[in-house]
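So this one's my_file-v3.txt, compact mmCIF, C-alpha atoms and all ligand atoms:
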# COMPACT_ATOMS: atom_id res chain seq x y z
CA MET H 241 -10.85 27.13 0.56
CA THR H 242 -8.88 29.89 -1.18
CA THR H 243 -10.08 31.00 -4.58
CA ALA H 244 -7.27 31.14 -7.13
CA ILE H 245 -9.20 32.54 -10.09
CA SER H 246 -12.51 34.34 -10.06
CA ILE H 247 -14.15 35.53 -13.27
CA ARG H 248 -17.48 37.29 -13.12
CA ASN H 249 -19.72 38.45 -15.93
CA LEU H 250 -16.77 38.80 -18.27
CA LYS H 251 -17.64 40.33 -21.63
CA LYS H 252 -15.51 40.98 -24.68
CA SER H 253 -16.16 41.92 -28.28
CA TYR H 254 -13.67 42.36 -31.09
CA ASP H 255 -15.25 44.78 -33.56
CA ASP H 256 -18.34 42.89 -34.71
CA THR H 257 -17.49 39.59 -33.04
CA VAL H 258 -18.87 38.96 -29.58
CA ALA H 259 -16.27 36.62 -28.06
CA LEU H 260 -17.50 36.52 -24.43
CA LYS H 261 -21.09 37.12 -23.41
CA GLY H 262 -20.74 37.23 -19.61
CA VAL H 263 -18.54 34.39 -18.44
CA ASP H 264 -18.47 33.27 -14.77
CA ILE H 265 -15.80 30.88 -13.55
CA THR H 266 -14.44 30.15 -10.07
CA ILE H 267 -11.33 28.04 -9.64
CA ASP H 268 -10.13 26.91 -6.22
CA ASP H 269 -6.51 26.98 -5.19
CA GLY H 270 -4.96 23.65 -6.15
CA GLU H 271 -7.70 22.70 -8.59
CA PHE H 272 -7.11 21.23 -12.03
CA PHE H 273 -9.73 23.06 -14.06
CA GLY H 274 -10.62 22.49 -17.69
CA LEU H 275 -12.18 24.99 -20.05
CA LEU H 276 -13.65 22.76 -22.69
CA GLY H 277 -15.14 24.04 -25.90
CA PRO H 278 -14.87 24.02 -29.68
CA ASN H 279 -12.73 26.43 -31.70
CA GLY H 280 -14.01 29.96 -31.41
CA ALA H 281 -15.82 29.33 -28.10
CA GLY H 282 -13.88 32.07 -26.25
CA LYS H 283 -11.28 30.04 -24.35
CA THR H 284 -8.20 31.95 -25.45
CA THR H 285 -9.93 35.29 -24.99
CA THR H 286 -10.78 34.34 -21.40
CA ILE H 287 -7.23 33.39 -20.49
CA ASN H 288 -5.73 36.32 -22.34
CA ILE H 289 -7.87 38.66 -20.25
CA LEU H 290 -6.62 36.90 -17.12
CA THR H 291 -3.01 37.44 -18.11
CA GLY H 292 -3.50 40.99 -19.36
CA LEU H 293 -2.95 40.30 -23.06
CA VAL H 294 -6.50 41.25 -24.00
CA LYS H 295 -8.60 44.09 -22.56
CA LYS H 296 -12.03 43.16 -21.26
CA ASN H 297 -15.13 45.27 -21.99
CA GLU H 298 -17.02 44.45 -18.82
CA GLY H 299 -16.89 42.24 -15.75
CA ASP H 300 -14.17 41.22 -13.30
CA ALA H 301 -11.23 38.91 -13.38
CA GLU H 302 -9.34 38.29 -10.13
CA ILE H 303 -6.37 36.19 -9.15
CA PHE H 304 -6.09 35.37 -5.46
CA GLY H 305 -8.58 38.15 -4.79
CA LYS H 306 -6.67 40.82 -6.71
CA ASP H 307 -7.93 42.56 -9.81
CA THR H 308 -6.04 41.61 -12.97
CA VAL H 309 -6.11 45.20 -14.23
CA LYS H 310 -5.51 47.25 -11.06
CA ASP H 311 -3.13 44.82 -9.42
CA TYR H 312 -1.58 43.46 -12.59
CA ARG H 313 1.94 43.28 -11.18
CA PHE H 314 0.83 40.94 -8.44
CA THR H 315 -1.57 38.93 -10.58
CA ARG H 316 0.96 38.40 -13.37
CA SER H 317 3.56 37.20 -10.88
CA GLN H 318 1.18 34.45 -9.79
CA VAL H 319 0.56 33.05 -13.25
CA GLY H 320 2.61 31.21 -15.85
CA ILE H 321 1.07 30.77 -19.25
CA SER H 322 1.89 28.34 -21.98
CA ALA H 323 0.26 30.00 -24.96
CA GLN H 324 -0.68 28.39 -28.25
CA GLU H 325 1.63 30.50 -30.32
CA LEU H 326 5.30 31.04 -29.67
CA THR H 327 6.13 34.71 -29.75
CA GLN H 328 9.77 34.43 -28.87
CA ASP H 329 12.98 35.57 -30.32
CA TRP H 330 14.03 32.86 -32.73
CA PHE H 331 17.73 33.69 -32.76
CA PHE H 332 18.93 33.04 -29.23
CA PRO H 333 19.74 29.63 -27.76
CA LEU H 334 16.94 28.15 -25.65
CA GLU H 335 18.99 28.49 -22.50
CA ARG H 336 19.38 32.23 -23.02
CA LEU H 337 15.65 32.57 -23.66
CA LEU H 338 14.86 30.92 -20.35
CA TYR H 339 17.31 33.18 -18.53
CA PHE H 340 15.66 36.21 -20.16
CA GLN H 341 12.32 34.95 -18.96
CA ALA H 342 13.69 34.52 -15.43
CA GLY H 343 14.96 38.09 -15.71
CA TYR H 344 11.46 39.42 -16.45
CA TYR H 345 10.39 38.08 -13.09
CA GLY H 346 13.45 39.41 -11.26
CA ILE H 347 14.74 35.97 -10.33
CA PRO H 348 18.36 36.17 -9.11
CA ARG H 349 20.91 34.33 -11.23
CA PRO H 350 21.67 31.37 -8.89
CA LYS H 351 17.97 30.68 -8.44
CA ALA H 352 17.39 31.08 -12.17
CA LYS H 353 20.13 28.56 -12.89
CA GLU H 354 18.51 26.08 -10.57
CA ARG H 355 15.14 26.51 -12.30
CA VAL H 356 16.60 26.41 -15.82
CA ASP H 357 18.54 23.21 -15.06
CA GLU H 358 15.56 21.57 -13.45
CA LEU H 359 13.17 22.43 -16.26
CA PHE H 360 15.53 21.37 -19.05
CA THR H 361 15.98 18.02 -17.35
CA ARG H 362 12.36 17.45 -16.44
CA LEU H 363 11.07 18.37 -19.87
CA GLY H 364 13.68 16.32 -21.72
CA LEU H 365 15.30 19.33 -23.41
CA GLU H 366 18.76 18.94 -21.89
CA GLU H 367 20.46 18.31 -25.23
CA LYS H 368 18.76 21.31 -26.80
CA ARG H 369 20.10 23.98 -24.48
CA GLN H 370 22.14 25.58 -27.22
CA ALA H 371 19.62 24.97 -30.01
CA ARG H 372 17.50 27.72 -31.54
CA LEU H 373 13.72 27.56 -31.45
CA ARG H 374 13.49 27.16 -35.20
CA GLN H 375 15.56 23.97 -34.95
CA LEU H 376 13.06 22.27 -32.65
CA SER H 377 10.32 19.83 -33.57
CA GLY H 378 6.72 20.82 -32.80
CA GLY H 379 6.71 18.66 -29.68
CA MET H 380 9.92 20.21 -28.37
CA LYS H 381 8.52 23.70 -28.92
CA ARG H 382 5.54 22.74 -26.78
CA ARG H 383 7.82 21.51 -24.03
CA PHE H 384 9.85 24.68 -24.20
CA GLN H 385 6.65 26.73 -23.88
CA ILE H 386 5.84 24.88 -20.70
CA ALA H 387 9.35 25.38 -19.32
CA LYS H 388 8.98 29.11 -19.97
CA ALA H 389 5.64 29.21 -18.22
CA LEU H 390 7.12 27.53 -15.15
CA ILE H 391 10.40 29.45 -14.83
CA HIS H 392 9.17 31.60 -11.90
CA ASP H 393 7.44 28.65 -10.24
CA PRO H 394 4.03 30.34 -10.42
CA LYS H 395 1.15 29.20 -8.24
CA ILE H 396 -1.13 29.08 -11.25
CA LEU H 397 -0.27 27.43 -14.54
CA ILE H 398 -2.40 28.22 -17.57
CA LEU H 399 -2.13 25.80 -20.46
CA ASP H 400 -3.76 26.89 -23.71
CA GLU H 401 -4.35 23.78 -25.82
CA PRO H 402 -1.06 22.29 -24.60
CA THR H 403 -1.31 19.10 -26.62
CA ALA H 404 -2.85 20.38 -29.85
CA GLY H 405 -1.01 18.75 -32.75
CA VAL H 406 1.21 16.72 -30.45
CA ASP H 407 1.76 12.99 -31.09
CA VAL H 408 0.21 10.43 -28.78
CA GLU H 409 3.40 9.53 -26.94
CA LEU H 410 4.30 13.10 -26.05
CA ARG H 411 0.69 13.81 -25.13
CA HIS H 412 0.84 11.08 -22.52
CA GLU H 413 4.19 12.33 -21.22
CA LEU H 414 2.81 15.85 -20.88
CA TRP H 415 -0.30 14.59 -19.12
CA GLN H 416 1.93 12.76 -16.66
CA TYR H 417 3.88 15.95 -16.00
CA PHE H 418 0.72 18.02 -15.54
CA ARG H 419 -0.52 15.47 -13.03
CA GLU H 420 2.74 15.75 -11.08
CA LEU H 421 2.48 19.54 -11.03
CA HIS H 422 -1.11 19.31 -9.85
CA LYS H 423 -0.15 16.83 -7.14
CA ALA H 424 2.56 19.21 -5.98
CA GLY H 425 -0.16 21.81 -5.40
CA LYS H 426 -0.29 23.94 -8.54
CA THR H 427 -3.58 25.32 -9.70
CA ILE H 428 -3.93 24.47 -13.37
CA LEU H 429 -6.28 26.01 -15.90
CA LEU H 430 -6.29 24.03 -19.10
CA THR H 431 -8.12 24.91 -22.29
CA THR H 432 -8.80 22.09 -24.64
CA HIS H 433 -11.10 20.77 -27.29
CA TYR H 434 -9.92 17.23 -26.63
CA ILE H 435 -12.66 15.67 -24.56
CA GLU H 436 -10.36 12.91 -23.43
CA GLU H 437 -7.84 15.38 -22.07
CA ALA H 438 -10.43 17.13 -19.92
CA GLU H 439 -11.84 13.83 -18.75
CA MET H 440 -8.46 12.35 -17.84
CA LEU H 441 -6.97 15.33 -16.06
CA CYS H 442 -9.50 17.75 -14.68
CA ASP H 443 -11.14 17.90 -11.27
CA LYS H 444 -13.71 20.24 -12.72
CA VAL H 445 -14.74 21.25 -16.20
CA ALA H 446 -16.57 24.29 -17.57
CA ILE H 447 -18.14 23.69 -20.94
CA ILE H 448 -17.99 26.85 -23.01
CA ASP H 449 -19.67 27.49 -26.33
CA LYS H 450 -20.23 30.69 -28.30
CA GLY H 451 -18.91 32.93 -25.54
CA SER H 452 -20.95 31.48 -22.66
CA VAL H 453 -20.25 28.88 -20.02
CA ILE H 454 -23.13 26.46 -20.34
CA LYS H 455 -22.33 23.94 -17.62
CA VAL H 456 -19.79 23.40 -14.83
CA GLY H 457 -19.09 20.25 -12.85
CA THR H 458 -16.78 17.34 -12.28
CA PRO H 459 -16.53 15.12 -15.37
CA LYS H 460 -18.40 12.46 -13.40
CA GLU H 461 -21.22 14.79 -12.38
CA LEU H 462 -21.61 16.03 -15.92
CA THR H 463 -21.69 12.60 -17.50
CA ARG H 464 -24.14 11.35 -14.87
CA GLN H 465 -26.48 14.29 -15.33
CA LEU H 466 -26.36 14.60 -19.05
CA GLY H 467 -24.78 11.56 -20.58
CA LYS H 468 -26.44 8.45 -21.82
CA ALA H 469 -24.98 5.20 -20.69
CA GLY H 470 -26.11 1.68 -21.24
CA ILE H 471 -25.87 -1.93 -20.17
CA THR H 472 -26.33 -4.86 -22.50
CA ILE H 473 -26.83 -8.29 -20.98
CA ASN H 474 -27.05 -11.60 -22.82
CA VAL H 475 -29.25 -14.04 -20.93
CA THR H 476 -30.84 -17.41 -21.37
CA GLY H 477 -34.00 -18.51 -19.63
CA ALA H 478 -35.73 -15.14 -19.79
CA ASP H 479 -39.50 -15.50 -19.98
CA THR H 480 -42.35 -13.04 -20.03
CA ALA H 481 -42.47 -12.88 -16.23
CA LEU H 482 -39.19 -11.03 -16.45
CA ASP H 483 -40.83 -7.80 -17.56
CA ALA H 484 -42.73 -7.47 -14.31
CA CYS H 485 -39.62 -7.67 -12.18
CA LEU H 486 -37.64 -5.27 -14.36
CA ASN H 487 -40.31 -2.62 -14.49
CA ASN H 488 -38.09 -0.18 -12.55
CA PHE H 489 -35.70 -0.08 -15.45
CA THR H 490 -35.79 1.32 -18.96
CA TYR H 491 -34.85 -1.41 -21.36
CA THR H 492 -35.56 -3.10 -24.65
CA ARG H 493 -35.39 -6.76 -25.45
CA GLU H 494 -34.10 -8.39 -28.58
CA ASP H 495 -33.90 -12.21 -28.54
CA GLY H 496 -31.61 -13.08 -25.66
CA ARG H 497 -30.24 -9.57 -25.30
CA LEU H 498 -31.50 -6.94 -22.91
CA HIS H 499 -30.46 -3.33 -23.51
CA PHE H 500 -30.80 -1.04 -20.51
CA THR H 501 -30.52 2.73 -20.68
CA THR H 502 -29.29 4.34 -17.48
CA GLN H 503 -27.43 7.43 -16.32
CA ASP H 504 -25.23 5.41 -14.05
CA PRO H 505 -24.41 1.81 -15.02
CA GLU H 506 -22.29 1.23 -11.90
CA GLU H 507 -25.25 1.92 -9.67
CA ALA H 508 -27.88 0.11 -11.73
CA LEU H 509 -25.96 -3.04 -12.53
CA PRO H 510 -26.20 -4.88 -9.17
CA ASP H 511 -29.98 -4.35 -9.03
CA ILE H 512 -30.44 -5.57 -12.59
CA ILE H 513 -28.34 -8.65 -11.97
CA ASN H 514 -30.26 -9.41 -8.78
CA ALA H 515 -33.57 -9.16 -10.57
CA LEU H 516 -32.38 -11.42 -13.38
CA THR H 517 -30.96 -14.10 -11.09
CA ARG H 518 -34.13 -14.08 -8.98
CA GLN H 519 -36.00 -14.93 -12.15
CA GLY H 520 -33.70 -17.86 -12.79
CA CYS H 521 -32.01 -16.28 -15.84
CA HIS H 522 -28.47 -17.28 -16.70
CA ILE H 523 -26.30 -14.30 -17.39
CA GLN H 524 -23.84 -15.00 -20.14
CA ARG H 525 -22.33 -11.67 -20.93
CA VAL H 526 -22.51 -8.16 -19.55
CA GLU H 527 -21.36 -5.10 -21.41
CA THR H 528 -21.53 -1.53 -20.17
CA THR H 529 -21.08 1.61 -22.20
CA LYS H 530 -20.12 4.72 -20.26
CA SER H 531 -21.07 8.12 -21.47
CA SER H 532 -18.36 10.68 -22.09
CA LEU H 533 -18.12 14.44 -21.97
CA GLU H 534 -18.64 14.27 -25.73
CA ASP H 535 -22.19 12.99 -25.08
CA VAL H 536 -22.64 15.77 -22.55
CA PHE H 537 -21.49 18.36 -25.03
CA LEU H 538 -23.80 16.92 -27.64
CA SER H 539 -26.81 16.96 -25.34
CA LEU H 540 -26.08 20.58 -24.31
CA THR H 541 -25.40 22.05 -27.72
CA GLY H 542 -26.87 19.61 -30.20
CA LYS H 543 -23.51 19.26 -31.93
CA GLY H 544 -20.21 17.45 -31.41
CA ILE H 545 -17.34 19.44 -29.99
CA ASN H 546 -15.14 19.06 -33.06
CA GLU H 547 -17.82 19.62 -35.67
P1 LIG Q 601 -11.13 29.69 -28.67
O1 LIG Q 601 -9.86 29.92 -27.93
O2 LIG Q 601 -12.16 28.98 -27.86
O3 LIG Q 601 -10.90 29.01 -29.99
P2 LIG Q 601 -11.14 32.56 -29.08
O4 LIG Q 601 -11.19 33.21 -27.75
O5 LIG Q 601 -9.82 32.50 -29.76
O6 LIG Q 601 -11.78 31.11 -28.99
O7 LIG Q 601 -12.14 33.29 -30.06
C1 LIG Q 601 -13.46 33.65 -29.71
C2 LIG Q 601 -14.07 34.45 -30.86
O8 LIG Q 601 -13.43 35.71 -30.96
C3 LIG Q 601 -13.92 33.80 -32.22
O9 LIG Q 601 -15.08 34.09 -32.96
C4 LIG Q 601 -12.71 34.49 -32.80
O10 LIG Q 601 -12.77 34.50 -34.21
C5 LIG Q 601 -12.84 35.89 -32.24
N1 LIG Q 601 -11.51 36.54 -32.04
C6 LIG Q 601 -10.51 36.10 -31.23
N2 LIG Q 601 -9.48 36.95 -31.26
C7 LIG Q 601 -9.81 37.96 -32.12
C8 LIG Q 601 -9.14 39.16 -32.58
N3 LIG Q 601 -7.93 39.48 -32.15
N4 LIG Q 601 -9.83 39.92 -33.45
C9 LIG Q 601 -11.05 39.60 -33.89
N5 LIG Q 601 -11.73 38.51 -33.50
C10 LIG Q 601 -11.12 37.69 -32.62

Can you dump the structure from the file as structure tokens?
Amino acid sequence: MTTAISIRNLKKSYDDTVALKGVDITIDDGEFFGLLGPNGAGKTTTINILTGLVKKNEGDAEIFGKDTVKDYRFTRSQVGISAQELTQDWFFPLERLLYFQAGYYGIPRPKAKERVDELFTRLGLEEKRQARLRQLSGGMKRRFQIAKALIHDPKILILDEPTAGVDVELRHELWQYFRELHKAGKTILLTTHYIEEAEMLCDKVAIIDKGSVIKVGTPKELTRQLGKAGITINVTGADTALDACLNNFTYTREDGRLHFTTQDPEEALPDIINALTRQGCHIQRVETTKSSLEDVFLSLTGKGINE
């Protein structure tokens, strides 16, 4: 497996603020990777070091095995970034801005035209080709950012909070597009403080807080290890003999309701149901609650991600 991004012991301080305390992250080629953490955790600093916008103090950051400082020409050519803030010229039409961007990467005009046309269509900005950035809605600006990031068809796409402040409909459209890009083989590094976004999209997630990565895993692994899930079953015909046959499980009983606590409801449920039916109980209703990355974050840090 090729490694797309490798970050080792990355440290960064801004004057008195320690932003990164020694971050390690490895992202495989083709992976959809989420950097999940609250505001101020160090997400933007990490990606800005990768793309050369911020200077690191210590540690290494490599893209496809090349150092992002020594081999910056190569590493920058491999990455497209959709930043949080637009730092573009506000006076040119969007189309011109995309051609400028293609120019920075030395893309010949016919190829650039192909890319510009494709991106305007795919991102639903066709009618805005001649518009200026300041005339766009917030959602359109986001889409334009993404078009800009993709103009040179980079192998790696970095999305810094791509759906912050975006309405629900556009968020879902963007998610769909990110999934398509991922399916087509792009490596995607997404920073977010929306738990749902990381859970829906990412193969792997690193949870970052106060400048340190505190846990890495697939959303499923993380929720199984650290989440708290439950099963509630309404039964009739439960008698005291039931306790003996459920002694492998952690549960409480309240009238006809049994509340089980388990890391993995999918795995526990068949065994619980078997035990109950063996005892002659009638199951009337089963409810499961799955844990989320929010629970994981809470159990790791003692606080919610958006607190
Ligand atoms: P995130 O993207 O997770 O919100 P950042 O990387 O932007 O986090 O910030 C990490 C920490 O570094 C925060 O405490 C932030 O205030 C500080 N920081 C970020 N950029 C600068 C800067 N240019 N100057 C001073 N402090 C900064």

Using only C-alpha atoms and all ligand atoms, the residue out of H:Leu441, H:Leu359, H:Leu498, H:Ile447 with shortest distance to ligand LIG 601 (chain Q) is H:Ile447

Pick out the residues no farther than 9 Å from ligand LIG 601 (chain Q), counting all atoms listed in the file, and list them as a ChimeraX atom specification.
-> /H:252-260,275-288,294,400-401,431-433,448-451

If you keep C-alpha atoms, can you produce a file of those selected residues as an mmCIF file, keeping the file's coordinate frame?
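The file below, again_33.cif, is the result:
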data_model
loop_
_atom_site.group_PDB
_atom_site.id
_atom_site.type_symbol
_atom_site.label_atom_id
_atom_site.label_comp_id
_atom_site.auth_asym_id
_atom_site.auth_seq_id
_atom_site.Cartn_x
_atom_site.Cartn_y
_atom_site.Cartn_z
ATOM 1 C CA LYS H 252 -15.510 40.980 -24.680
ATOM 2 C CA SER H 253 -16.160 41.920 -28.280
ATOM 3 C CA TYR H 254 -13.670 42.360 -31.090
ATOM 4 C CA ASP H 255 -15.250 44.780 -33.560
ATOM 5 C CA ASP H 256 -18.340 42.890 -34.710
ATOM 6 C CA THR H 257 -17.490 39.590 -33.040
ATOM 7 C CA VAL H 258 -18.870 38.960 -29.580
ATOM 8 C CA ALA H 259 -16.270 36.620 -28.060
ATOM 9 C CA LEU H 260 -17.500 36.520 -24.430
ATOM 10 C CA LEU H 275 -12.180 24.990 -20.050
ATOM 11 C CA LEU H 276 -13.650 22.760 -22.690
ATOM 12 C CA GLY H 277 -15.140 24.040 -25.900
ATOM 13 C CA PRO H 278 -14.870 24.020 -29.680
ATOM 14 C CA ASN H 279 -12.730 26.430 -31.700
ATOM 15 C CA GLY H 280 -14.010 29.960 -31.410
ATOM 16 C CA ALA H 281 -15.820 29.330 -28.100
ATOM 17 C CA GLY H 282 -13.880 32.070 -26.250
ATOM 18 C CA LYS H 283 -11.280 30.040 -24.350
ATOM 19 C CA THR H 284 -8.200 31.950 -25.450
ATOM 20 C CA THR H 285 -9.930 35.290 -24.990
ATOM 21 C CA THR H 286 -10.780 34.340 -21.400
ATOM 22 C CA ILE H 287 -7.230 33.390 -20.490
ATOM 23 C CA ASN H 288 -5.730 36.320 -22.340
ATOM 24 C CA VAL H 294 -6.500 41.250 -24.000
ATOM 25 C CA ASP H 400 -3.760 26.890 -23.710
ATOM 26 C CA GLU H 401 -4.350 23.780 -25.820
ATOM 27 C CA THR H 431 -8.120 24.910 -22.290
ATOM 28 C CA THR H 432 -8.800 22.090 -24.640
ATOM 29 C CA HIS H 433 -11.100 20.770 -27.290
ATOM 30 C CA ILE H 448 -17.990 26.850 -23.010
ATOM 31 C CA ASP H 449 -19.670 27.490 -26.330
ATOM 32 C CA LYS H 450 -20.230 30.690 -28.300
ATOM 33 C CA GLY H 451 -18.910 32.930 -25.540
#

Expressed in Å to a single decimal, how great is the separation between atom CA of H:Ser532 and atom CA of H:Leu397?
-> 25.8 Å

Which residues come within 9 Å of stretch 361-368 of chain H, counting only C-alpha atoms, excluding same-chain residues fewer than 3 positions away, as number ranges by chain?
-> H: 333-335, 356-358, 371-372, 376, 380, 383-384, 386-387, 414, 417

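For H:Ala469, the non-local neighbours within 6 Å, defined as residues at least 3 positions apart in the same chain or in other chains and counting all atoms listed in the file, are H:Thr502, H:Gln503, H:Thr529, H:Lys530, H:Ser531.
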
H:Glu271 environment, 8 Å, only C-alpha atoms, sequence neighbours closer than 5 positions dropped, as an MDAnalysis selection string | chainID H and resid 422 426:428 443:444

Go ahead and save the picked residues with C-alpha atoms, as a CSV table (one decimal), in the frame of the given file.
chain,number,residue,atom,x,y,z
H,422,HIS,CA,-1.1,19.3,-9.8
H,426,LYS,CA,-0.3,23.9,-8.5
H,427,THR,CA,-3.6,25.3,-9.7
H,428,ILE,CA,-3.9,24.5,-13.4
H,443,ASP,CA,-11.1,17.9,-11.3
H,444,LYS,CA,-13.7,20.2,-12.7

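Proximity ranking of H:Ser452, H:Gln465, H:Gln375, H:Ser246 relative to H:Trp330 places H:Gln375 first, based on all atoms listed in the file.
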
Protein, DNA and RNA residues within 6 Å of (10.8, 28.3, -27.3), all atoms listed in the file, as a PyMOL selection string = chain H and resi 373+381+384-385

Would you give the centre and edge lengths, in Å to one decimal, of a box along x, y and z around the listed atoms of stretch 513-519 of chain H, with 4 Å added to each side, as lines of an AutoDock Vina configuration file?
center_x = -32.2
center_y = -11.8
center_z = -11.1
size_x = 15.7
size_y = 14.3
size_z = 12.6

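Closest approach to H:Ile321 among H:Lys423, H:Lys455, H:Lys395, H:Arg248: H:Lys395, based on all atoms listed in the file.
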
Protein/DNA/RNA residues near (-31.8, -10.1, -14.3), cut 12 Å, all atoms listed in the file, as a PyMOL selection string = chain H and resi 471-479+481-489+491+496-500+508-526

Å distance separating atom CA of H:Ala301 from atom CA of H:Arg382, one decimal place | 26.9 Å

From H:Asp393, H:Glu302, H:Asp504, H:Asp269, residue lying nearest H:Gly470 [all atoms listed in the file] = H:Asp504

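In this structure, atom CA of H:Arg316 sits 14.6 Å away from atom CA of H:Leu429.
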
Neighbours of H:His412 within 12 Å (only C-alpha atoms; same-chain residues fewer than 3 positions away dropped), as a PDB file with C-alpha atoms, keeping the file's coordinate frame?
ATOM      1  CA  GLY H 379       6.710  18.660 -29.680  1.00  0.00           C
ATOM      2  CA  PRO H 402      -1.060  22.290 -24.600  1.00  0.00           C
ATOM      3  CA  THR H 403      -1.310  19.100 -26.620  1.00  0.00           C
ATOM      4  CA  VAL H 406       1.210  16.720 -30.450  1.00  0.00           C
ATOM      5  CA  ASP H 407       1.760  12.990 -31.090  1.00  0.00           C
ATOM      6  CA  VAL H 408       0.210  10.430 -28.780  1.00  0.00           C
ATOM      7  CA  GLU H 409       3.400   9.530 -26.940  1.00  0.00           C
ATOM      8  CA  TRP H 415      -0.300  14.590 -19.120  1.00  0.00           C
ATOM      9  CA  GLN H 416       1.930  12.760 -16.660  1.00  0.00           C
ATOM     10  CA  TYR H 417       3.880  15.950 -16.000  1.00  0.00           C
ATOM     11  CA  PHE H 418       0.720  18.020 -15.540  1.00  0.00           C
ATOM     12  CA  ARG H 419      -0.520  15.470 -13.030  1.00  0.00           C
ATOM     13  CA  GLU H 436     -10.360  12.910 -23.430  1.00  0.00           C
ATOM     14  CA  GLU H 437      -7.840  15.380 -22.070  1.00  0.00           C
ATOM     15  CA  MET H 440      -8.460  12.350 -17.840  1.00  0.00           C
ATOM     16  CA  LEU H 441      -6.970  15.330 -16.060  1.00  0.00           C
TER      17      LEU H 441
END

H:Thr243 environment, 7 Å, only C-alpha atoms, sequence neighbours closer than 4 positions dropped, as an mmCIF file with C-alpha atoms, in the coordinates of the input:
data_model
loop_
_atom_site.group_PDB
_atom_site.id
_atom_site.type_symbol
_atom_site.label_atom_id
_atom_site.label_comp_id
_atom_site.auth_asym_id
_atom_site.auth_seq_id
_atom_site.Cartn_x
_atom_site.Cartn_y
_atom_site.Cartn_z
ATOM 1 C CA ILE H 267 -11.330 28.040 -9.640
ATOM 2 C CA ASP H 268 -10.130 26.910 -6.220
ATOM 3 C CA ASP H 269 -6.510 26.980 -5.190
ATOM 4 C CA PHE H 304 -6.090 35.370 -5.460
#
